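**Student:** Here you go, data.cif (mmCIF, C-alpha atoms and all ligand atoms):
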data_start
#
loop_
_atom_site.label_atom_id
_atom_site.label_comp_id
_atom_site.auth_asym_id
_atom_site.auth_seq_id
_atom_site.Cartn_x
_atom_site.Cartn_y
_atom_site.Cartn_z
CA MET A 1 17.88 -13.42 -20.20
CA SER A 2 18.94 -10.69 -17.80
CA LEU A 3 17.57 -10.95 -14.31
CA ASN A 4 15.26 -7.99 -14.60
CA THR A 5 13.43 -9.36 -17.60
CA MET A 6 12.59 -12.55 -15.73
CA PRO A 7 8.89 -12.86 -14.99
CA SER A 8 8.09 -11.70 -11.52
CA THR A 9 7.00 -14.42 -9.14
CA ILE A 10 5.16 -12.07 -6.80
CA ASN A 11 1.49 -12.91 -6.38
CA ARG A 12 -0.28 -9.66 -7.23
CA THR A 13 -3.84 -10.87 -6.80
CA PHE A 14 -4.36 -8.80 -3.67
CA SER A 15 -2.26 -5.97 -2.32
CA ILE A 16 -2.53 -3.45 0.46
CA ALA A 17 -2.06 0.14 -0.66
CA PRO A 18 0.80 2.34 0.46
CA MET A 19 -0.63 4.76 3.04
CA LEU A 20 1.47 7.44 4.72
CA ASP A 21 1.38 7.21 8.48
CA TRP A 22 -0.82 4.10 8.30
CA THR A 23 1.05 1.25 6.62
CA ASP A 24 4.17 1.44 8.73
CA ARG A 25 6.02 -1.72 9.67
CA HIS A 26 3.81 -2.37 12.70
CA TYR A 27 0.65 -2.32 10.61
CA ARG A 28 2.31 -4.46 7.98
CA TYR A 29 3.34 -7.07 10.55
CA PHE A 30 -0.25 -7.14 11.78
CA ALA A 31 -1.61 -7.48 8.23
CA ARG A 32 0.80 -10.28 7.46
CA LEU A 33 -0.53 -12.30 10.39
CA MET A 34 -3.86 -12.44 8.60
CA SER A 35 -2.72 -12.96 5.03
CA ALA A 36 0.40 -14.73 3.82
CA GLN A 37 -0.41 -13.83 0.21
CA ALA A 38 -1.19 -10.12 0.31
CA LEU A 39 1.50 -8.03 -1.29
CA LEU A 40 2.38 -5.26 1.15
CA TYR A 41 3.56 -1.76 0.30
CA THR A 42 5.45 0.62 2.53
CA GLU A 43 4.29 4.16 3.01
CA MET A 44 5.78 6.44 0.37
CA VAL A 45 9.39 7.22 1.25
CA THR A 46 11.04 10.10 -0.56
CA THR A 47 14.45 9.76 -2.11
CA GLY A 48 15.48 12.80 -0.06
CA ALA A 49 14.62 11.04 3.19
CA ILE A 50 16.57 7.94 2.25
CA ILE A 51 19.61 9.75 0.92
CA HIS A 52 19.83 12.66 3.37
CA GLY A 53 17.64 11.65 6.33
CA LYS A 54 19.00 10.62 9.69
CA GLY A 55 16.65 7.70 10.36
CA ASP A 56 16.63 4.28 8.73
CA TYR A 57 13.72 4.69 6.33
CA LEU A 58 14.17 1.23 4.90
CA ALA A 59 13.73 -0.76 8.12
CA TYR A 60 11.14 -3.54 8.11
CA ASN A 61 10.44 -6.89 9.79
CA ASP A 62 11.51 -10.05 7.95
CA GLU A 63 8.00 -11.44 8.36
CA GLU A 64 6.61 -8.75 6.05
CA HIS A 65 7.70 -10.33 2.75
CA PRO A 66 6.54 -10.02 0.02
CA LEU A 67 7.10 -6.31 0.50
CA ALA A 68 7.34 -3.44 -1.96
CA LEU A 69 9.04 -0.15 -1.20
CA GLN A 70 7.16 2.82 -2.56
CA LEU A 71 9.45 5.66 -3.57
CA GLY A 72 8.56 9.29 -4.06
CA GLY A 73 10.87 11.24 -6.32
CA SER A 74 11.61 12.21 -9.89
CA ASN A 75 15.35 12.43 -10.05
CA ALA A 76 16.46 9.32 -11.92
CA VAL A 77 19.89 9.18 -10.30
CA ASP A 78 18.46 9.50 -6.78
CA LEU A 79 15.75 6.97 -7.50
CA ALA A 80 18.31 4.51 -8.79
CA THR A 81 20.44 5.04 -5.69
CA CYS A 82 17.44 4.34 -3.44
CA ALA A 83 16.23 1.39 -5.49
CA LYS A 84 19.65 -0.20 -5.22
CA LEU A 85 19.78 0.33 -1.46
CA ALA A 86 16.31 -1.15 -1.14
CA ALA A 87 17.15 -4.20 -3.25
CA GLU A 88 20.22 -4.78 -1.11
CA ARG A 89 18.02 -4.65 1.97
CA GLY A 90 15.85 -7.39 0.53
CA TYR A 91 12.74 -5.59 -0.72
CA ASP A 92 10.78 -7.58 -3.28
CA GLU A 93 9.70 -4.69 -5.50
CA ILE A 94 10.23 -0.98 -6.03
CA ASN A 95 7.14 1.07 -6.76
CA LEU A 96 7.16 4.65 -7.99
CA ASN A 97 4.44 6.99 -6.73
CA VAL A 98 2.72 8.73 -9.64
CA GLY A 99 -0.56 9.22 -7.81
CA CYS A 100 -0.14 11.47 -4.79
CA PRO A 101 -1.59 14.95 -5.39
CA SER A 102 -0.42 16.80 -2.25
CA ASP A 103 1.05 20.29 -2.65
CA ARG A 104 4.22 19.27 -0.88
CA VAL A 105 4.74 16.44 -3.34
CA GLN A 106 3.94 18.65 -6.34
CA ASN A 107 6.50 21.17 -5.12
CA GLY A 108 9.04 18.39 -5.21
CA ARG A 109 7.84 17.59 -8.76
CA PHE A 110 6.75 14.05 -8.01
CA GLY A 111 3.59 12.12 -7.30
CA ALA A 112 0.54 12.54 -9.54
CA CYS A 113 1.89 15.58 -11.42
CA LEU A 114 4.38 13.19 -13.07
CA MET A 115 1.51 11.84 -15.15
CA ALA A 116 2.08 14.92 -17.32
CA GLU A 117 5.72 13.91 -17.82
CA PRO A 118 5.69 10.32 -19.04
CA GLU A 119 9.17 10.65 -20.56
CA LEU A 120 10.60 11.59 -17.19
CA VAL A 121 8.81 8.67 -15.51
CA ALA A 122 10.20 6.39 -18.22
CA GLN A 123 13.73 7.66 -17.52
CA CYS A 124 13.24 7.06 -13.82
CA VAL A 125 11.98 3.53 -14.41
CA GLU A 126 14.85 2.82 -16.75
CA ALA A 127 17.42 4.12 -14.27
CA MET A 128 16.01 1.97 -11.48
CA ARG A 129 15.69 -1.13 -13.64
CA ALA A 130 19.31 -0.78 -14.67
CA VAL A 131 20.51 -1.27 -11.10
CA VAL A 132 18.11 -3.80 -9.55
CA ASP A 133 16.83 -7.23 -10.51
CA ILE A 134 13.54 -6.91 -8.63
CA PRO A 135 10.42 -5.57 -10.37
CA VAL A 136 10.04 -1.81 -10.77
CA THR A 137 6.36 -0.88 -10.86
CA VAL A 138 4.30 2.31 -11.06
CA LYS A 139 1.20 3.36 -9.13
CA THR A 140 -0.77 6.01 -10.93
CA ARG A 141 -4.20 7.56 -11.52
CA ILE A 142 -6.39 7.52 -14.62
CA GLY A 143 -5.67 11.20 -15.28
CA ILE A 144 -4.96 14.61 -13.81
CA ASP A 145 -6.98 17.83 -14.05
CA GLU A 146 -8.42 18.30 -17.54
CA GLN A 147 -6.07 15.64 -18.87
CA ASP A 148 -8.43 12.80 -18.27
CA SER A 149 -8.99 11.20 -21.66
CA TYR A 150 -8.33 7.53 -22.26
CA GLU A 151 -5.67 8.59 -24.80
CA PHE A 152 -3.83 10.57 -22.13
CA LEU A 153 -3.72 7.46 -19.96
CA THR A 154 -2.63 5.15 -22.77
CA GLN A 155 0.09 7.55 -23.84
CA PHE A 156 1.43 7.45 -20.31
CA ILE A 157 1.26 3.66 -20.18
CA ASP A 158 2.85 3.31 -23.66
CA THR A 159 5.80 5.51 -22.75
CA VAL A 160 6.43 4.03 -19.31
CA SER A 161 5.96 0.43 -20.37
CA ALA A 162 8.40 0.98 -23.24
CA ALA A 163 10.99 1.68 -20.52
CA GLY A 164 10.40 -1.81 -19.16
CA CYS A 165 7.69 -1.31 -16.56
CA ASP A 166 5.24 -4.18 -16.99
CA THR A 167 3.23 -3.73 -13.81
CA PHE A 168 0.96 -0.81 -13.02
CA ILE A 169 -1.44 -0.15 -10.18
CA ILE A 170 -4.17 2.18 -11.31
CA HIS A 171 -6.18 4.23 -8.84
CA ALA A 172 -9.39 4.39 -10.85
CA ARG A 173 -10.03 8.11 -10.42
CA LYS A 174 -8.22 11.17 -11.62
CA ALA A 175 -6.56 13.71 -9.34
CA TRP A 176 -7.22 17.42 -9.27
CA LEU A 177 -3.84 19.00 -8.65
CA GLN A 178 -5.23 22.33 -7.45
CA GLY A 179 -7.96 23.03 -4.98
CA LEU A 180 -8.55 19.61 -3.46
CA SER A 181 -6.81 18.16 -0.43
CA PRO A 182 -5.28 14.68 -0.76
CA LYS A 183 -8.23 13.35 1.24
CA GLU A 184 -10.75 15.00 -1.09
CA ASN A 185 -8.76 13.65 -4.02
CA ARG A 186 -9.54 10.16 -2.71
CA GLU A 187 -13.25 10.88 -2.56
CA ILE A 188 -14.44 13.56 -4.97
CA PRO A 189 -13.18 12.58 -8.43
CA GLU A 190 -15.45 9.82 -9.65
CA LEU A 191 -14.30 6.22 -9.76
CA ASP A 192 -14.15 4.79 -13.28
CA TYR A 193 -13.55 1.04 -13.08
CA PRO A 194 -14.52 0.38 -16.74
CA ARG A 195 -11.57 2.52 -17.80
CA VAL A 196 -9.16 0.26 -15.94
CA TYR A 197 -10.87 -2.84 -17.37
CA GLN A 198 -10.48 -1.32 -20.83
CA LEU A 199 -6.79 -0.76 -20.20
CA LYS A 200 -6.36 -4.44 -19.33
CA ARG A 201 -8.18 -5.44 -22.53
CA ASP A 202 -5.92 -3.18 -24.59
CA TYR A 203 -2.70 -4.17 -22.77
CA PRO A 204 -3.18 -7.84 -21.99
CA HIS A 205 0.58 -8.35 -21.63
CA LEU A 206 0.82 -5.88 -18.73
CA ASN A 207 0.03 -6.81 -15.15
CA LEU A 208 -2.62 -4.35 -14.02
CA SER A 209 -4.02 -3.92 -10.53
CA LEU A 210 -7.09 -1.84 -9.86
CA ASN A 211 -7.28 0.42 -6.82
CA GLY A 212 -9.88 2.74 -5.31
CA GLY A 213 -13.05 2.30 -3.28
CA VAL A 214 -12.89 -1.47 -2.93
CA LYS A 215 -14.40 -2.58 0.37
CA THR A 216 -15.09 -6.30 0.29
CA LEU A 217 -13.49 -9.51 -0.92
CA THR A 218 -16.59 -10.12 -3.02
CA GLN A 219 -15.88 -6.86 -4.85
CA CYS A 220 -12.25 -7.92 -5.22
CA ALA A 221 -13.35 -11.17 -6.84
CA GLU A 222 -15.58 -9.24 -9.26
CA HIS A 223 -12.74 -6.94 -10.29
CA LEU A 224 -10.42 -9.91 -10.68
CA ALA A 225 -12.58 -11.09 -13.56
CA HIS A 226 -11.29 -8.02 -15.44
CA VAL A 227 -7.82 -7.22 -14.07
CA ASP A 228 -4.83 -9.07 -12.63
CA GLY A 229 -4.93 -7.68 -9.13
CA VAL A 230 -6.81 -5.53 -6.67
CA MET A 231 -5.17 -3.11 -4.26
CA VAL A 232 -7.15 -2.15 -1.18
CA GLY A 233 -6.28 0.83 0.99
CA ARG A 234 -8.58 2.40 3.55
CA GLU A 235 -10.78 -0.63 4.12
CA ALA A 236 -7.78 -2.85 4.82
CA TYR A 237 -6.76 -0.38 7.50
CA GLN A 238 -10.09 0.50 9.05
CA ASN A 239 -11.53 -3.00 8.88
CA PRO A 240 -8.36 -5.10 8.89
CA TYR A 241 -10.05 -8.38 9.68
CA MET A 242 -11.16 -8.48 6.03
CA LEU A 243 -7.60 -9.68 5.43
CA ALA A 244 -8.20 -12.92 7.32
CA GLN A 245 -9.91 -14.52 4.31
CA VAL A 246 -7.82 -13.14 1.47
CA ASP A 247 -5.71 -16.28 1.10
CA GLN A 248 -8.71 -18.60 1.10
CA ARG A 249 -11.17 -16.58 -0.97
CA LEU A 250 -8.88 -14.91 -3.48
CA CYS A 251 -5.76 -17.06 -3.60
CA GLY A 252 -7.29 -20.53 -3.38
CA GLU A 253 -5.52 -21.57 -0.19
CA ASP A 254 -7.11 -24.28 1.87
CA LYS A 255 -6.39 -23.37 5.47
CA PRO A 256 -8.38 -22.35 8.52
CA VAL A 257 -9.38 -18.72 8.96
CA LEU A 258 -7.85 -17.17 12.09
CA SER A 259 -10.31 -15.74 14.59
CA ARG A 260 -9.97 -12.12 15.64
CA ASP A 261 -8.81 -13.25 19.08
CA ALA A 262 -6.20 -15.52 17.52
CA VAL A 263 -4.87 -12.56 15.53
CA LEU A 264 -4.64 -10.47 18.68
CA GLU A 265 -2.88 -13.30 20.48
CA LYS A 266 -0.33 -13.60 17.68
CA MET A 267 0.29 -9.88 17.91
CA ILE A 268 1.11 -9.95 21.63
CA PRO A 269 4.73 -11.27 21.45
CA TYR A 270 5.50 -8.69 18.77
CA ILE A 271 4.13 -5.90 20.95
CA GLU A 272 5.96 -7.22 24.01
CA LYS A 273 9.22 -7.17 22.10
CA HIS A 274 8.52 -3.61 20.94
CA LEU A 275 7.90 -2.56 24.56
CA GLN A 276 11.06 -4.31 25.75
CA ASP A 277 13.00 -2.41 23.12
CA GLY A 278 11.71 0.85 24.58
CA GLY A 279 8.84 1.42 22.13
CA ARG A 280 5.45 2.77 23.18
CA LEU A 281 2.30 0.74 23.20
CA ASN A 282 0.22 3.13 21.14
CA HIS A 283 2.72 3.11 18.27
CA ILE A 284 1.32 -0.33 17.54
CA THR A 285 -2.17 -0.30 19.02
CA ARG A 286 -3.27 2.62 16.86
CA HIS A 287 -3.06 0.26 13.91
CA ILE A 288 -5.07 -2.55 15.42
CA THR A 289 -8.08 -0.76 16.90
CA GLY A 290 -10.18 -1.78 13.88
CA LEU A 291 -9.66 -5.50 14.56
CA TYR A 292 -13.06 -6.05 16.15
CA GLN A 293 -14.96 -3.75 13.78
CA GLY A 294 -18.50 -5.00 13.34
CA GLU A 295 -18.40 -7.21 16.47
CA VAL A 296 -20.51 -6.68 19.56
CA GLY A 297 -18.42 -4.63 22.01
CA SER A 298 -16.05 -3.29 19.36
CA ARG A 299 -16.68 0.28 20.50
CA ALA A 300 -15.73 -0.60 24.07
CA TRP A 301 -12.54 -2.24 22.82
CA ARG A 302 -11.63 0.71 20.67
CA ARG A 303 -12.41 3.24 23.40
CA TYR A 304 -10.41 1.38 26.02
CA VAL A 305 -7.40 1.11 23.76
CA SER A 306 -7.45 4.72 22.62
CA GLU A 307 -7.96 6.07 26.15
CA ASN A 308 -5.22 3.99 27.73
CA ALA A 309 -2.55 2.90 25.27
CA HIS A 310 -0.88 6.30 25.07
CA LYS A 311 -0.38 6.62 28.83
CA PRO A 312 3.22 6.54 30.04
CA GLY A 313 4.19 3.02 30.99
CA ALA A 314 1.12 1.47 29.34
CA GLY A 315 1.82 -2.24 28.83
CA ILE A 316 0.27 -5.30 27.32
CA GLU A 317 -2.35 -5.43 30.10
CA VAL A 318 -4.17 -2.60 28.31
CA LEU A 319 -4.98 -4.98 25.48
CA HIS A 320 -6.19 -7.73 27.80
CA GLN A 321 -8.38 -5.24 29.66
CA ALA A 322 -9.69 -3.77 26.42
CA ARG A 323 -10.61 -7.25 25.22
CA ALA A 324 -12.28 -8.04 28.54
CA SER A 325 -14.26 -4.79 28.34
CA MET A 326 -15.97 -6.12 25.22
CA ASP A 327 -17.49 -9.03 27.09
CA LEU A 328 -19.04 -6.71 29.66
CA LYS A 329 -21.28 -5.22 27.01
C1 LIG B 1 -3.91 7.94 5.02
C2 LIG B 1 -3.58 7.67 3.57
C3 LIG B 1 -2.28 7.80 3.14
C4 LIG B 1 -1.94 7.52 1.81
N1 LIG B 1 -0.62 7.56 1.43
C5 LIG B 1 -0.27 7.15 0.17
C6 LIG B 1 1.10 6.99 -0.20
O1 LIG B 1 2.01 7.19 0.60
N2 LIG B 1 1.36 6.60 -1.47
C7 LIG B 1 0.36 6.34 -2.39
O2 LIG B 1 0.65 5.96 -3.53
N3 LIG B 1 -0.93 6.46 -2.05
C8 LIG B 1 -1.26 6.84 -0.79
N4 LIG B 1 -2.58 6.86 -0.44
C9 LIG B 1 -3.61 6.46 -1.42
C10 LIG B 1 -3.86 4.96 -1.33
O3 LIG B 1 -2.70 4.22 -1.63
C11 LIG B 1 -5.00 4.54 -2.29
O4 LIG B 1 -4.58 4.80 -3.61
C12 LIG B 1 -6.30 5.30 -2.02
O5 LIG B 1 -6.58 5.35 -0.64
C13 LIG B 1 -7.46 4.63 -2.76
O6 LIG B 1 -7.65 3.30 -2.34
P1 LIG B 1 -8.81 2.91 -1.28
O7 LIG B 1 -10.08 3.51 -1.78
O8 LIG B 1 -8.83 1.42 -1.25
O9 LIG B 1 -8.41 3.53 0.04
C14 LIG B 1 -2.94 7.14 0.89
C15 LIG B 1 -4.26 7.00 1.34
C16 LIG B 1 -4.58 7.27 2.67
C17 LIG B 1 -6.01 7.07 3.13
#
Would you mind writing the file's structure down as C-alpha cells?
Ligand SMILES: Cc1cc2nc3c(=O)[nH]c(=O)nc-3n(C[C@H](O)[C@H](O)[C@H](O)COP(=O)(O)O)c2cc1C

**Tutor:**
Amino acid sequence: MSLNTMPSTINRTFSIAPMLDWTDRHYRYFARLMSAQALLYTEMVTTGAIIHGKGDYLAYNDEEHPLALQLGGSNAVDLATCAKLAAERGYDEINLNVGCPSDRVQNGRFGACLMAEPELVAQCVEAMRAVVDIPVTVKTRIGIDEQDSYEFLTQFIDTVSAAGCDTFIIHARKAWLQGLSPKENREIPELDYPRVYQLKRDYPHLNLSLNGGVKTLTQCAEHLAHVDGVMVGREAYQNPYMLAQVDQRLCGEDKPVLSRDAVLEKMIPYIEKHLQDGGRLNHITRHITGLYQGEVGSRAWRRYVSENAHKPGAGIEVLHQARASMDLK
C-alpha cells in the first residue's frame, strides 16, 4: 500500500474553517488551547504567494497540529510544488479551495469557479497526491450560479474523488460568482443541509464534513448524525469559547473544561514571547476579544482591549486591565 492510500488518522469530527485574515497562526494557537481535537485550517494561501512571495507563508507554531494548509490555485504543477513544501514543513493535510467566490480569486481562475472545471480540480488533486503522503482534501460549495442541481454536485464529486480525493468539506450553500460580495455569498444563498446529508448517503465511503451557519455544539452533534464532520467558521472566531467543550461534547474526552480566565492565562506567555520578539500586542489581541462573549462585562473587556492594544508600546498589562475592567461593571 502506498503511503497516500493509507487511511488518514486525522480526527475530522470538528474543524475550524479557513478564514482569511482571521485564522492566522495567533488565532490558531489560541483555538488550540481550548480544543486539542479540533482540526485547524490556515487561511487560504495562494500558490503565487508561496512560490514568488517574500514572506514565509508556511510558518506556524508546533502547538497547532493537527493543521491543514489551505491552498488557492489551479495550476497543477504549482500546487504540487506548494503541497510538497508544506508536507516537508510538517503540515498534516493539504486542502484545495474550491469555494471562494471573490473577483480576485476568479481572475486567478481558482476558488469556487473551479466547480465548473472538475477535470482540472482532479488533475490538481492528482498532482498533489503524487508528491505528498498526507491527505489532499477539497473544500467546496453545493453549486455555483445556475449550476446548482444535485447532479452538478455529484458530477464534481465523482470526478474529483476518482483522482483520489476521499475527503470533502461542503459549504452547504451555492455561490453566486457575479454580483455578490464574498460576505454576501456567505449569507444570501440559502443553506441546504439535506443536500449534504444526501451526498453522505450516496457516497458513504467518502469522508464528508458539513460547513455553513453552524453556531452551537448541539447543532454540531445533530449534523454529526448525518455526516462525518462539522466545520465551523464565523462562530468559532466571534465566540471562540465555544471551542472549550469540543473535546468533551463531540470527541468523547473526559477532561475538565478550561474557564475563560484559564484560557487567557495560558495565552499570556505566548503573547509575552511575541512582544519580546518585537511583535505588536494587537496582532494577537484582535483574535481574542470574543473570549468573554456572553459574560457580564464582556463589552468593557472588548472596549478596553480595542482602545488600548494598538497603542505604541502596549504590553501585557492591557490585558490585565481589560480583565479588571469587567469586574467593575
Ligand atoms: C473573514 C472570512 C474569511 C474567509 N476566508 C476563507 C478562506 O480563506 N478560504 C475558504 O475556503 N473559506 C473562507 N471563508 C469561508 C469559511 O471558511 C466558511 O466556509 C464560511 O464562513 C461558512 O462557514 P460559517 O457559517 O461557519 O462561518 C472565509 C469566511 C470569513 C468570514

**Student:** Is it possible to get the axis-aligned box enclosing ligand LIG 1 (chain B) (all listed atoms, 3 Å extra per side) as AutoDock Vina command-line options, with centre and edge lengths in Å rounded to one decimal?

**Tutor:**
--center_x -4.0 --center_y 4.7 --center_z 0.7 --size_x 18.1 --size_y 12.5 --size_z 14.6

**Student:** Taking (3.1, 0.9, 8.3) in the file's own coordinates, collect the residues within 10 Å, counting all atoms listed in the file, and hand them back as a list in words.

**Tutor:**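 Protein and nucleic acid residues near the point are Pro18, Met19, Leu20, Asp21, Trp22, Thr23, Asp24, Arg25, His26, Tyr27, Arg28, Tyr29, Phe30, Ala31, Leu40, Tyr41, Thr42, Glu43, Tyr60, Tyr237, Ile284 and His287 of chain A.
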
**Student:** Each residue of chain A with at least one atom at most 10 Å from ligand LIG 1 (chain B) should appear once, together with its nearest atom pair and the corresponding distance in Å (one decimal); atoms considered: all atoms listed in the file; ordering: chain, then increasing residue number; output as CSV.

**Tutor:**
residue,atom,partner,partner_atom,distance
A:Ser15,CA,B:LIG1,O8,9.9
A:Ile16,CA,B:LIG1,O3,8.0
A:Ala17,CA,B:LIG1,O3,4.2
A:Pro18,CA,B:LIG1,O3,4.5
A:Met19,CA,B:LIG1,N1,3.2
A:Leu20,CA,B:LIG1,N1,3.9
A:Asp21,CA,B:LIG1,C1,6.4
A:Trp22,CA,B:LIG1,C1,5.9
A:Thr23,CA,B:LIG1,C3,8.1
A:Tyr41,CA,B:LIG1,N2,8.8
A:Thr42,CA,B:LIG1,O1,7.7
A:Glu43,CA,B:LIG1,O1,4.5
A:Met44,CA,B:LIG1,O1,3.9
A:Val45,CA,B:LIG1,O1,7.4
A:Thr46,CA,B:LIG1,O1,9.6
A:Gln70,CA,B:LIG1,N2,7.0
A:Leu71,CA,B:LIG1,N2,8.4
A:Gly72,CA,B:LIG1,N2,8.1
A:Asn95,CA,B:LIG1,O2,8.7
A:Leu96,CA,B:LIG1,O2,8.0
A:Asn97,CA,B:LIG1,O2,5.1
A:Val98,CA,B:LIG1,O2,7.0
A:Gly99,CA,B:LIG1,O2,5.5
A:Cys100,CA,B:LIG1,C7,5.7
A:Pro101,CA,B:LIG1,N3,9.1
A:Ser102,CA,B:LIG1,N1,9.9
A:Gly111,CA,B:LIG1,O2,7.8
A:Ala112,CA,B:LIG1,O2,8.9
A:Val138,CA,B:LIG1,O2,9.1
A:Lys139,CA,B:LIG1,O2,6.2
A:Thr140,CA,B:LIG1,O2,7.5
A:Arg141,CA,B:LIG1,O4,8.4
A:Ile169,CA,B:LIG1,O4,8.8
A:Ile170,CA,B:LIG1,O4,8.1
A:His171,CA,B:LIG1,O4,5.5
A:Ala172,CA,B:LIG1,C13,8.3
A:Arg173,CA,B:LIG1,C13,8.8
A:Pro182,CA,B:LIG1,C15,8.0
A:Lys183,CA,B:LIG1,C17,6.9
A:Asn185,CA,B:LIG1,C12,8.9
A:Arg186,CA,B:LIG1,C12,5.9
A:Glu187,CA,B:LIG1,O7,8.1
A:Leu191,CA,B:LIG1,O7,9.4
A:Leu210,CA,B:LIG1,O6,9.1
A:Asn211,CA,B:LIG1,O6,5.3
A:Gly212,CA,B:LIG1,O7,3.6
A:Gly213,CA,B:LIG1,O7,3.5
A:Val214,CA,B:LIG1,O8,5.3
A:Lys215,CA,B:LIG1,O8,7.0
A:Val230,CA,B:LIG1,O8,9.0
A:Met231,CA,B:LIG1,O8,6.6
A:Val232,CA,B:LIG1,O8,3.9
A:Gly233,CA,B:LIG1,O8,3.4
A:Arg234,CA,B:LIG1,O9,3.7
A:Glu235,CA,B:LIG1,O8,6.1
A:Ala236,CA,B:LIG1,O8,7.5
A:Tyr237,CA,B:LIG1,O9,8.6
A:Gln238,CA,B:LIG1,O9,9.7

**Student:** Just the number, please: distance in Å from CA of Leu79 (chain A) to CA of Asp158 (chain A), one decimal.

**Tutor:** 21.0 Å

**Student:** Which value, in Å to one decimal, gives the distance between CA of Ser306 (chain A) and CA of Leu319 (chain A)?

**Tutor:**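 So the answer is 10.4 Å.
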
**Student:** Between A:Lys54, A:Arg323, A:Arg12, A:His205, which one has atoms that come closest to Gly297 (chain A), using all atoms listed in the file?

**Tutor:**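 Looking only at the distances to Gly297 (chain A), the closest residue turns out to be A:Arg323.
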
**Student:** Nearest residue to Phe14 (chain A) out of A:Glu190, A:Glu265, A:Glu64, A:Asp228, using only C-alpha atoms?

**Tutor:** A:Asp228

**Student:** In the coordinate frame of the file, compute which residues have an atom within 12 Å of (-6.2, -18.7, 4.2) when using all atoms listed in the file, and state them as number ranges by chain.

**Tutor:** A: 32-38, 242-259

**Student:** CA of Leu177 (chain A) and CA of Leu114 (chain A), how far apart in Å?

**Tutor:** 11.0 Å

**Student:** Which residue is closest to Ser74 (chain A)? Choose from A:Met128, A:Ile50, A:Val121, A:Ala116 and count all atoms listed in the file.

**Tutor:**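 Result for the nearest residue to Ser74 (chain A): A:Val121.
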
**Student:** Which is closest to Lys84 (chain A) among A:Trp176, A:Asp133, A:Pro66, A:Asn207, if we use only C-alpha atoms?

**Tutor:**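 Closest residue, counting only C-alpha atoms: A:Asp133.
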
**Student:** Would you mind listing what lies within 8 Å of Ile268 (chain A) as a list of chain:residue names, with only C-alpha atoms counted and same-chain residues fewer than 4 positions away left out?

**Tutor:** A:Leu264, A:Glu272, A:Ile316

**Student:** Would you please work out which residue, of A:Asn11, A:Asn61, A:Ile134, A:Ala175, is nearest to Met115 (chain A) when using all atoms listed in the file?

**Tutor:**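 Between A:Asn11, A:Asn61, A:Ile134, A:Ala175, the residue approaching Met115 (chain A) most closely is A:Ala175.
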
**Student:** In terms of the shortest atom-to-atom distance over all atoms listed in the file, which of A:Tyr150, A:Tyr197, A:Phe110, A:Tyr203 is closest to Asp166 (chain A)?

**Tutor:**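 Once distances to Asp166 (chain A) are computed over all atoms listed in the file, the minimum belongs to A:Tyr203.
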
**Student:** Can you pull out every residue within 10 Å of Ile271 (chain A), counting all atoms listed in the file, but drop anything in the same chain fewer than 4 positions away, and send it as a list of chain:residue names?

**Tutor:**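 Here the qualifying residues turn out to be A:His26, A:Lys266, A:Met267, A:Leu275, A:Gln276, A:Asp277, A:Gly279, A:Arg280, A:Leu281, A:Asn282, A:His283, A:Ile284, A:Thr285, A:Gly315, A:Ile316.
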
**Student:** With a distance cut-off of 10 Å and all atoms listed in the file, select the neighbouring residues of Arg129 (chain A), excluding the residue or stretch itself and same-chain residues fewer than 6 positions from it, and output the selection as a ChimeraX atom specification.

**Tutor:** /A:4-5,80,83-84,94,123,135-137,163-165

**Student:** Generate the coordinates of N, CA and C atoms for region 59-70 of chain A; report them as an mmCIF file, in the frame of the given file.

**Tutor:**
data_model
loop_
_atom_site.group_PDB
_atom_site.id
_atom_site.type_symbol
_atom_site.label_atom_id
_atom_site.label_comp_id
_atom_site.auth_asym_id
_atom_site.auth_seq_id
_atom_site.Cartn_x
_atom_site.Cartn_y
_atom_site.Cartn_z
ATOM 1 N N ALA A 59 13.850 0.336 7.143
ATOM 2 C CA ALA A 59 13.730 -0.760 8.120
ATOM 3 C C ALA A 59 12.376 -1.464 7.980
ATOM 4 N N TYR A 60 12.388 -2.767 8.110
ATOM 5 C CA TYR A 60 11.140 -3.540 8.110
ATOM 6 C C TYR A 60 11.382 -4.849 8.845
ATOM 7 N N ASN A 61 10.306 -5.578 9.135
ATOM 8 C CA ASN A 61 10.440 -6.890 9.790
ATOM 9 C C ASN A 61 10.527 -7.974 8.722
ATOM 10 N N ASP A 62 11.361 -8.967 8.941
ATOM 11 C CA ASP A 62 11.510 -10.050 7.950
ATOM 12 C C ASP A 62 10.184 -10.709 7.601
ATOM 13 N N GLU A 63 9.293 -10.767 8.578
ATOM 14 C CA GLU A 63 8.000 -11.440 8.360
ATOM 15 C C GLU A 63 7.141 -10.759 7.295
ATOM 16 N N GLU A 64 7.499 -9.510 6.939
ATOM 17 C CA GLU A 64 6.610 -8.750 6.050
ATOM 18 C C GLU A 64 6.634 -9.192 4.589
ATOM 19 N N HIS A 65 7.625 -9.939 4.171
ATOM 20 C CA HIS A 65 7.700 -10.330 2.750
ATOM 21 C C HIS A 65 6.432 -11.045 2.311
ATOM 22 N N PRO A 66 5.998 -10.892 1.053
ATOM 23 C CA PRO A 66 6.540 -10.020 0.020
ATOM 24 C C PRO A 66 6.195 -8.553 0.288
ATOM 25 N N LEU A 67 7.206 -7.718 0.108
ATOM 26 C CA LEU A 67 7.100 -6.310 0.500
ATOM 27 C C LEU A 67 7.684 -5.402 -0.581
ATOM 28 N N ALA A 68 6.892 -4.419 -0.965
ATOM 29 C CA ALA A 68 7.340 -3.440 -1.960
ATOM 30 C C ALA A 68 7.656 -2.123 -1.260
ATOM 31 N N LEU A 69 8.726 -1.500 -1.685
ATOM 32 C CA LEU A 69 9.040 -0.150 -1.200
ATOM 33 C C LEU A 69 8.447 0.850 -2.168
ATOM 34 N N GLN A 70 7.629 1.768 -1.665
ATOM 35 C CA GLN A 70 7.160 2.820 -2.560
ATOM 36 C C GLN A 70 8.044 4.053 -2.429
#
